[in-house]
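Source file: query-v8.tsv. Holds: TSV, C-alpha atoms.
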chain	number	residue	atom	x	y	z
E	1	MET	CA	0.00	0.00	0.00
E	2	THR	CA	1.20	3.53	-0.74
E	3	LEU	CA	1.70	5.39	2.48
E	4	PRO	CA	1.30	9.14	3.10
E	5	LYS	CA	4.19	11.51	2.49
E	6	GLY	CA	7.06	10.96	4.88
E	7	PHE	CA	6.39	7.27	5.34
E	8	GLY	CA	7.38	4.21	3.31
E	9	SER	CA	10.17	3.78	0.81
E	10	GLY	CA	9.80	6.98	-1.20
E	11	GLY	CA	7.68	6.10	-4.20
E	12	THR	CA	8.59	2.48	-4.74
E	13	GLY	CA	5.29	1.47	-3.16
E	14	GLY	CA	6.54	-0.66	-0.29
E	15	SER	CA	5.64	-0.24	3.35
E	16	SER	CA	7.16	-2.00	6.32
E	17	SER	CA	5.74	-2.80	9.73
E	18	ALA	CA	8.16	-0.22	11.16
E	19	ASP	CA	6.43	2.45	9.04
E	20	VAL	CA	3.03	1.33	10.27
E	21	GLU	CA	4.18	1.43	13.88
E	22	ARG	CA	5.58	4.92	13.33
E	23	MET	CA	2.24	6.08	11.90
E	24	ILE	CA	0.39	4.62	14.89
E	25	GLY	CA	2.57	6.18	17.58
E	26	LYS	CA	1.41	5.19	21.05
E	27	ARG	CA	-0.93	2.23	20.73
E	28	VAL	CA	-4.30	2.47	22.49
E	29	GLU	CA	-3.78	-0.79	24.41
E	30	ASN	CA	-0.77	0.85	26.09
E	31	MET	CA	-2.78	3.86	27.29
E	32	THR	CA	-4.25	2.23	30.42
E	33	GLY	CA	-1.95	4.21	32.73
E	34	MET	CA	-2.95	7.51	31.13
E	35	ILE	CA	-6.65	6.57	31.21
E	36	THR	CA	-6.39	5.60	34.90
E	37	MET	CA	-4.67	8.89	35.76
E	38	SER	CA	-7.37	10.81	33.86
E	39	TYR	CA	-10.09	8.94	35.73
E	40	TRP	CA	-8.59	9.85	39.10
E	41	ALA	CA	-8.07	13.45	38.00
E	42	ALA	CA	-11.75	13.62	36.99
E	43	LEU	CA	-12.88	12.06	40.28
E	44	ILE	CA	-10.80	14.47	42.40
E	45	ALA	CA	-11.98	17.44	40.33
E	46	THR	CA	-15.57	16.28	40.87
E	47	PHE	CA	-14.95	16.09	44.61
E	48	ALA	CA	-13.46	19.61	44.54
E	49	GLY	CA	-16.55	20.90	42.69
E	50	THR	CA	-19.05	19.39	45.08
E	51	ALA	CA	-16.94	20.34	48.12
E	52	ALA	CA	-16.93	23.96	46.98
E	53	GLY	CA	-20.70	23.59	46.72
E	54	TYR	CA	-21.35	22.43	50.25
E	55	PHE	CA	-18.69	24.52	51.97
E	56	TYR	CA	-19.27	27.86	50.23
E	57	TYR	CA	-22.92	27.66	49.14
E	58	PRO	CA	-24.66	25.44	51.74
E	59	TRP	CA	-27.90	27.41	51.26
E	60	ALA	CA	-28.08	26.44	47.59
E	61	TYR	CA	-26.37	23.09	47.68
E	62	PRO	CA	-26.86	21.29	50.97
E	63	THR	CA	-24.39	18.57	51.84
E	64	ALA	CA	-26.80	15.73	51.08
E	65	SER	CA	-27.37	17.20	47.63
E	66	GLY	CA	-23.63	17.53	47.03
E	67	HIS	CA	-23.10	13.94	48.09
E	68	PHE	CA	-25.85	12.80	45.75
E	69	ALA	CA	-24.15	14.65	42.89
E	70	PHE	CA	-20.75	13.24	43.82
E	71	ILE	CA	-22.02	9.65	43.98
E	72	VAL	CA	-23.86	9.87	40.66
E	73	LEU	CA	-20.91	11.51	38.91
E	74	ALA	CA	-18.47	8.98	40.37
E	75	ILE	CA	-20.64	6.18	38.93
E	76	ILE	CA	-20.76	7.88	35.51
E	77	GLU	CA	-16.98	8.38	35.53
E	78	ALA	CA	-16.35	4.79	36.65
E	79	ILE	CA	-18.50	3.41	33.83
E	80	GLY	CA	-16.61	5.58	31.33
E	81	TYR	CA	-13.27	4.47	32.78
E	82	ILE	CA	-14.09	0.76	32.58
E	83	PHE	CA	-15.47	1.20	29.06
E	84	CYS	CA	-12.33	3.08	27.92
E	85	VAL	CA	-9.90	0.46	29.23
E	86	LYS	CA	-11.90	-2.55	27.99
E	87	VAL	CA	-12.48	-1.14	24.50
E	88	MET	CA	-8.85	-0.07	24.12
E	89	GLU	CA	-7.53	-3.48	25.14
E	90	GLU	CA	-9.99	-5.69	23.23
E	91	GLY	CA	-8.32	-7.66	20.48
E	92	SER	CA	-4.90	-7.37	22.11
E	93	ASN	CA	-3.22	-9.68	24.60
E	94	LYS	CA	-3.17	-6.93	27.22
E	95	ASN	CA	-5.19	-7.40	30.40
E	96	SER	CA	-5.44	-4.69	33.05
E	97	ASN	CA	-8.31	-6.08	35.10
E	98	GLY	CA	-6.14	-5.83	38.23
E	99	ILE	CA	-5.44	-2.13	37.75
E	100	VAL	CA	-9.08	-1.39	36.89
E	101	GLY	CA	-10.34	-3.46	39.84
E	102	ALA	CA	-7.97	-1.76	42.28
E	103	SER	CA	-8.83	1.66	40.89
E	104	ILE	CA	-12.58	1.11	41.13
E	105	ALA	CA	-12.27	-0.37	44.65
E	106	GLY	CA	-10.13	2.60	45.68
E	107	SER	CA	-12.65	5.06	44.29
E	108	VAL	CA	-15.53	3.28	46.10
E	109	VAL	CA	-13.63	3.70	49.38
E	110	PHE	CA	-12.86	7.35	48.53
E	111	VAL	CA	-16.52	8.09	47.73
E	112	LEU	CA	-17.70	6.36	50.92
E	113	VAL	CA	-15.22	8.31	53.07
E	114	VAL	CA	-16.31	11.60	51.47
E	115	VAL	CA	-20.01	10.81	51.87
E	116	LEU	CA	-19.61	9.72	55.51
E	117	PHE	CA	-17.16	12.27	56.84
E	118	VAL	CA	-17.00	15.37	54.63
E	119	GLY	CA	-19.48	18.24	54.66
E	120	ARG	CA	-21.62	20.06	57.18
C	1	MET	CA	-14.76	1.11	0.80
C	2	PRO	CA	-11.04	1.20	-0.04
C	3	ALA	CA	-8.58	1.74	2.78
C	4	LEU	CA	-6.47	4.86	2.34
C	5	ILE	CA	-4.24	4.17	5.32
C	6	PRO	CA	-3.09	0.78	6.65
C	7	LYS	CA	-5.87	-1.09	8.45
C	8	GLU	CA	-4.01	-1.34	11.76
C	9	VAL	CA	-3.30	2.41	11.73
C	10	GLU	CA	-6.95	3.17	11.02
C	11	ILE	CA	-8.20	0.93	13.83
C	12	GLN	CA	-5.84	2.57	16.30
C	13	ARG	CA	-6.87	6.07	15.19
C	14	LEU	CA	-10.57	5.21	15.33
C	15	LYS	CA	-10.09	3.91	18.85
C	16	LYS	CA	-8.33	7.12	19.87
C	17	ILE	CA	-11.39	8.97	18.58
C	18	TRP	CA	-13.48	6.50	20.55
C	19	LEU	CA	-11.69	7.56	23.75
C	20	ILE	CA	-12.82	11.15	23.18
C	21	VAL	CA	-16.31	9.92	22.32
C	22	ILE	CA	-16.56	8.00	25.62
C	23	ALA	CA	-15.30	11.02	27.55
C	24	MET	CA	-17.83	13.30	25.82
C	25	GLY	CA	-20.57	10.70	26.41
C	26	SER	CA	-19.77	10.75	30.14
C	27	VAL	CA	-19.89	14.54	30.16
C	28	ALA	CA	-23.24	14.47	28.35
C	29	ALA	CA	-24.57	11.92	30.88
C	30	SER	CA	-23.44	14.25	33.64
C	31	VAL	CA	-25.26	17.24	32.14
C	32	GLU	CA	-28.43	15.18	32.04
C	33	VAL	CA	-28.12	14.62	35.80
C	34	ASP	CA	-27.55	18.31	36.33
C	35	ASN	CA	-30.77	19.10	34.45
C	36	PHE	CA	-32.55	17.58	37.46
C	37	VAL	CA	-30.25	19.21	40.03
C	38	ASP	CA	-30.69	22.63	38.42
C	39	GLY	CA	-34.43	22.12	38.01
C	40	SER	CA	-34.70	21.07	41.64
C	41	LEU	CA	-32.78	24.16	42.79
C	42	HIS	CA	-35.05	26.42	40.75
C	43	GLN	CA	-38.18	24.95	42.27
C	44	THR	CA	-37.13	26.50	45.58
C	45	SER	CA	-34.96	29.44	44.64
C	46	ILE	CA	-35.65	31.52	41.53
C	47	ARG	CA	-32.70	33.32	39.94
C	48	ASP	CA	-29.88	33.59	42.43
C	49	SER	CA	-26.64	34.06	40.54
C	50	ALA	CA	-24.58	32.54	37.75
C	51	PHE	CA	-22.30	31.03	40.36
C	52	THR	CA	-24.51	28.60	42.24
C	53	PRO	CA	-23.06	25.08	42.06
C	54	ALA	CA	-25.89	23.78	39.88
C	55	HIS	CA	-24.90	26.48	37.37
C	56	TRP	CA	-21.17	25.75	37.57
C	57	TRP	CA	-22.02	22.16	36.83
C	58	LEU	CA	-24.32	23.07	33.93
C	59	TYR	CA	-22.24	25.83	32.31
C	60	SER	CA	-18.91	24.03	32.53
C	61	HIS	CA	-20.41	21.33	30.28
C	62	PHE	CA	-21.42	23.86	27.68
C	63	ILE	CA	-17.79	24.94	27.43
C	64	THR	CA	-16.25	21.48	27.78
C	65	LEU	CA	-18.44	19.84	25.15
C	66	PRO	CA	-17.69	22.16	22.18
C	67	ILE	CA	-13.99	22.16	23.04
C	68	GLY	CA	-13.90	18.37	23.48
C	69	TRP	CA	-15.74	17.72	20.24
C	70	GLY	CA	-13.47	20.29	18.61
C	71	MET	CA	-10.52	18.17	19.70
C	72	ALA	CA	-12.24	15.16	18.13
C	73	ALA	CA	-12.58	17.19	14.92
C	74	VAL	CA	-8.87	18.06	14.91
C	75	TYR	CA	-7.87	14.42	15.30
C	76	ASP	CA	-10.63	13.23	12.95
C	77	ARG	CA	-8.62	14.66	10.01
C	78	LYS	CA	-6.23	11.72	10.34
C	79	VAL	CA	-8.94	9.24	9.30
C	80	PRO	CA	-9.77	9.73	5.59
C	81	ILE	CA	-12.93	7.64	5.71
C	82	LEU	CA	-14.55	10.08	8.13
C	83	ARG	CA	-14.18	13.11	5.86
C	84	GLY	CA	-17.35	15.00	4.98
C	85	PRO	CA	-18.44	16.42	1.59
C	86	ASN	CA	-15.63	18.10	-0.40
C	87	ASN	CA	-13.03	16.88	2.08
C	88	SER	CA	-14.56	19.05	4.81
C	89	MET	CA	-15.30	18.10	8.38
C	90	ASN	CA	-17.60	15.14	8.97
C	91	THR	CA	-21.23	16.25	8.80
C	92	GLY	CA	-22.14	14.72	12.16
C	93	LEU	CA	-19.20	16.42	13.83
C	94	LYS	CA	-20.17	19.73	12.26
C	95	MET	CA	-23.67	19.44	13.70
C	96	THR	CA	-22.34	18.45	17.11
C	97	ILE	CA	-19.89	21.33	17.34
C	98	LEU	CA	-22.38	23.89	16.01
C	99	GLY	CA	-25.02	22.64	18.45
C	100	TYR	CA	-22.75	22.89	21.46
C	101	LEU	CA	-21.31	26.23	20.30
C	102	ALA	CA	-24.90	27.49	20.32
C	103	THR	CA	-25.24	26.39	23.94
C	104	MET	CA	-21.90	28.00	24.78
C	105	PHE	CA	-23.00	31.36	23.41
C	106	THR	CA	-26.37	30.96	25.08
C	107	ILE	CA	-24.61	31.15	28.44
C	108	GLY	CA	-23.98	34.84	27.68
C	109	VAL	CA	-27.46	35.43	26.29
C	110	ASN	CA	-28.95	33.75	29.34
C	111	GLU	CA	-26.92	35.88	31.77
C	112	MET	CA	-28.01	39.02	29.95
C	113	TRP	CA	-31.67	38.01	30.14
C	114	HIS	CA	-31.41	37.15	33.83
C	115	PHE	CA	-29.91	40.56	34.55
C	116	TRP	CA	-33.46	41.86	34.17
C	117	PHE	CA	-35.71	38.85	34.69
C	118	VAL	CA	-35.29	36.30	37.46
C	119	GLU	CA	-37.85	33.84	36.11
C	120	GLU	CA	-36.19	30.41	35.78
C	121	ILE	CA	-38.92	28.16	34.38
C	122	PHE	CA	-37.85	25.79	31.64
C	123	ALA	CA	-39.77	27.51	28.84
C	124	VAL	CA	-38.49	31.11	29.08
C	125	PRO	CA	-37.06	32.21	25.68
C	126	ASN	CA	-33.46	32.55	26.87
C	127	HIS	CA	-33.45	28.80	27.52
C	128	TRP	CA	-34.68	27.88	24.04
C	129	MET	CA	-31.26	27.93	22.41
C	130	PHE	CA	-29.79	25.74	25.17
C	131	ASN	CA	-32.32	23.07	24.38
C	132	MET	CA	-32.22	23.41	20.61
C	133	GLY	CA	-28.41	23.40	20.63
C	134	VAL	CA	-28.29	20.23	22.69
C	135	VAL	CA	-30.81	18.49	20.42
C	136	VAL	CA	-28.85	19.41	17.27
C	137	ALA	CA	-25.61	18.32	18.94
C	138	PHE	CA	-27.08	14.98	20.03
C	139	MET	CA	-28.33	14.24	16.51
C	140	GLY	CA	-24.91	15.01	15.03
C	141	ALA	CA	-23.05	13.07	17.70
C	142	LEU	CA	-25.26	10.02	17.17
C	143	ALA	CA	-24.59	10.08	13.43
C	144	TYR	CA	-20.83	10.46	13.99
C	145	VAL	CA	-20.60	7.79	16.66
C	146	VAL	CA	-22.51	5.31	14.51
C	147	ARG	CA	-20.23	6.12	11.58
C	148	VAL	CA	-17.07	5.50	13.64
C	149	TYR	CA	-18.52	2.30	15.09
C	150	ALA	CA	-19.66	1.08	11.69
C	151	ARG	CA	-16.16	1.56	10.33
C	152	LEU	CA	-14.71	-0.39	13.26
C	153	VAL	CA	-17.19	-3.14	12.41
C	154	GLU	CA	-16.17	-2.99	8.76
C	155	LEU	CA	-12.50	-3.30	9.70
C	156	GLY	CA	-13.26	-6.32	11.87
C	157	ALA	CA	-12.32	-4.59	15.13
C	158	GLU	CA	-15.86	-4.68	16.55
C	159	THR	CA	-18.73	-7.17	16.38
C	160	PRO	CA	-21.84	-5.85	14.64
C	161	GLY	CA	-25.01	-5.38	16.71
C	162	GLU	CA	-27.50	-8.23	16.79
C	163	ASN	CA	-30.54	-5.98	17.07
C	164	PRO	CA	-31.89	-5.80	13.49
C	165	TYR	CA	-32.71	-2.09	13.77
C	166	VAL	CA	-29.19	-1.30	14.96
C	167	ALA	CA	-27.71	-3.57	12.31
C	168	GLU	CA	-29.72	-1.71	9.67
C	169	MET	CA	-28.30	1.59	10.92
C	170	TYR	CA	-24.72	0.24	10.61
C	171	LYS	CA	-25.52	-1.00	7.12
C	172	MET	CA	-26.80	2.44	6.08
C	173	ALA	CA	-23.74	4.11	7.58
C	174	LEU	CA	-21.43	1.76	5.68
C	175	GLU	CA	-23.24	2.53	2.46
C	176	GLY	CA	-22.91	6.26	3.12
C	177	LYS	CA	-26.68	6.67	3.49
C	178	LEU	CA	-26.92	7.51	7.16
C	179	TYR	CA	-27.26	11.25	6.62
C	180	SER	CA	-28.68	11.27	3.09
C	181	ARG	CA	-27.93	9.69	-0.26
C	182	ALA	CA	-25.97	12.75	-1.35
C	183	ILE	CA	-23.83	13.50	1.70
C	184	PRO	CA	-21.45	10.69	2.68

Is it possible to express this structure as structure tokens?
Amino acid sequence: MTLPKGFGSGGTGGSSSADVERMIGKRVENMTGMITMSYWAALIATFAGTAAGYFYYPWAYPTASGHFAFIVLAIIEAIGYIFCVKVMEEGSNKNSNGIVGASIAGSVVFVLVVVLFVGR
Amino acid sequence: MPALIPKEVEIQRLKKIWLIVIAMGSVAASVEVDNFVDGSLHQTSIRDSAFTPAHWWLYSHFITLPIGWGMAAVYDRKVPILRGPNNSMNTGLKMTILGYLATMFTIGVNEMWHFWFVEEIFAVPNHWMFNMGVVVAFMGALAYVVRVYARLVELGAETPGENPYVAEMYKMALEGKLYSRAIP
């Protein structure tokens, strides 16, 4: 197959697996670490948002309401996280169930601690 | 449909788009929840300020979504099969970004309106463009997502849906008939 400019053997029509790898760059099945970091960043940002709600605006956003929002958003983020990792690794021999399991368990503990002990 | 880039490269690029799609889907799910939170707030307090938490939650989506889908559009250029008419942006992506841009600009319109009127019922005119923008964006996003998924099916990276209605939608997308017969 003829590859885009800058790849391949310069007009002779050949392409090697090294060219294909160079076009791909970082493969999606190797992005689990980045996806996990993004998930935790999103979860902590969500906590910061709801915390600002029940510490600075308790009249508009009572603690119970903030906790409801935090729980629902944590569930939405967790579903997205699991979906991202599973879809990116399907068809490859990668398996990050341990990392995903630990991450989800950790976030369940984090959410429970926030809901039980944080707020007014 | 002929492949213009190696199959493995295309699958990897489509999956990178898929990552953005999942992130944007999560954000859209979140804004749906905040519709209830915001509505619940406004049943007890009318217009308070732009900076109540229910509004931070709502408005931050209307900035995140156009920017996020814009990032999808920038990366989308690397997948030739997703090009729109005359090598322009994919039609579904265009609709999505235009829809969410409308909601983004409506934040300003809405603030201006509420400077004078505190009424916060769903149907006041300043809210119309929020709702219309979101509907246009959802239609476009659905078309784009189905197109990306259908291509992953065509490349053998995903298993086609078993539901006959869904399967028919994939088939139409693969034949370039999802939007219309004229616009691929």

Could you write out as a JSON list (two decimals) with C-alpha atoms, in the frame of the given file the residues of chain E within 8 Å of chain C, counting all atoms listed in the file?
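Now in part34.json:
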[["chain", "number", "residue", "atom", "x", "y", "z"],
["E", 1, "MET", "CA", 0.00, 0.00, 0.00],
["E", 3, "LEU", "CA", 1.70, 5.39, 2.48],
["E", 4, "PRO", "CA", 1.30, 9.14, 3.10],
["E", 20, "VAL", "CA", 3.03, 1.33, 10.27],
["E", 21, "GLU", "CA", 4.18, 1.43, 13.88],
["E", 23, "MET", "CA", 2.24, 6.08, 11.90],
["E", 24, "ILE", "CA", 0.39, 4.62, 14.89],
["E", 27, "ARG", "CA", -0.93, 2.23, 20.73],
["E", 28, "VAL", "CA", -4.30, 2.47, 22.49],
["E", 49, "GLY", "CA", -16.55, 20.90, 42.69],
["E", 50, "THR", "CA", -19.05, 19.39, 45.08],
["E", 52, "ALA", "CA", -16.93, 23.96, 46.98],
["E", 53, "GLY", "CA", -20.70, 23.59, 46.72],
["E", 57, "TYR", "CA", -22.92, 27.66, 49.14],
["E", 60, "ALA", "CA", -28.08, 26.44, 47.59],
["E", 61, "TYR", "CA", -26.37, 23.09, 47.68],
["E", 73, "LEU", "CA", -20.91, 11.51, 38.91],
["E", 76, "ILE", "CA", -20.76, 7.88, 35.51],
["E", 77, "GLU", "CA", -16.98, 8.38, 35.53],
["E", 80, "GLY", "CA", -16.61, 5.58, 31.33],
["E", 83, "PHE", "CA", -15.47, 1.20, 29.06],
["E", 84, "CYS", "CA", -12.33, 3.08, 27.92],
["E", 87, "VAL", "CA", -12.48, -1.14, 24.50],
["E", 88, "MET", "CA", -8.85, -0.07, 24.12],
["E", 91, "GLY", "CA", -8.32, -7.66, 20.48]]

Need to verify the contact set: Val135 of chain C, 10 Å, only C-alpha atoms, exclusion of same-chain residues closer than 5 positions in sequence. Can you return it as a ChimeraX atom specification? /C:95-96,99-100,129-130,140-141

Those same residues, written as a PDB file, in the coordinates of the input with C-alpha atoms?
ATOM      1  CA  MET C  95     -23.670  19.440  13.700  1.00  0.00           C
ATOM      2  CA  THR C  96     -22.340  18.450  17.110  1.00  0.00           C
ATOM      3  CA  GLY C  99     -25.020  22.640  18.450  1.00  0.00           C
ATOM      4  CA  TYR C 100     -22.750  22.890  21.460  1.00  0.00           C
ATOM      5  CA  MET C 129     -31.260  27.930  22.410  1.00  0.00           C
ATOM      6  CA  PHE C 130     -29.790  25.740  25.170  1.00  0.00           C
ATOM      7  CA  GLY C 140     -24.910  15.010  15.030  1.00  0.00           C
ATOM      8  CA  ALA C 141     -23.050  13.070  17.700  1.00  0.00           C
TER       9      ALA C 141
END

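Candidate residues E:Val114, E:Glu29, E:Ala48, E:Ser17 were compared for distance to Ser92 of chain E, and the nearest is E:Glu29, using all atoms listed in the file.
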
Residue with the minimum atom-to-atom distance to Ile104 of chain E, picked from E:Val118, E:Val85, E:Ala78, E:Met31 with all atoms listed in the file counted, is E:Ala78

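Distance-wise, atom CA of Leu43 of chain E and atom CA of Val72 of chain E end up 11.2 Å apart.
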
Might I get the box with edges along x, y and z of the file that holds all atoms of segment 51-63 of chain C listed there, padded by 5 Å on every side, given as centre and edge lengths in Å to one decimal, as AutoDock Vina command-line options?
--center_x -21.8 --center_y 26.2 --center_z 34.8 --size_x 18.1 --size_y 19.7 --size_z 24.8

Take atom CA of Val146 of chain C and atom CA of Ser38 of chain E and report the distance between them in Å, one decimal.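 So the answer is 25.2 Å.
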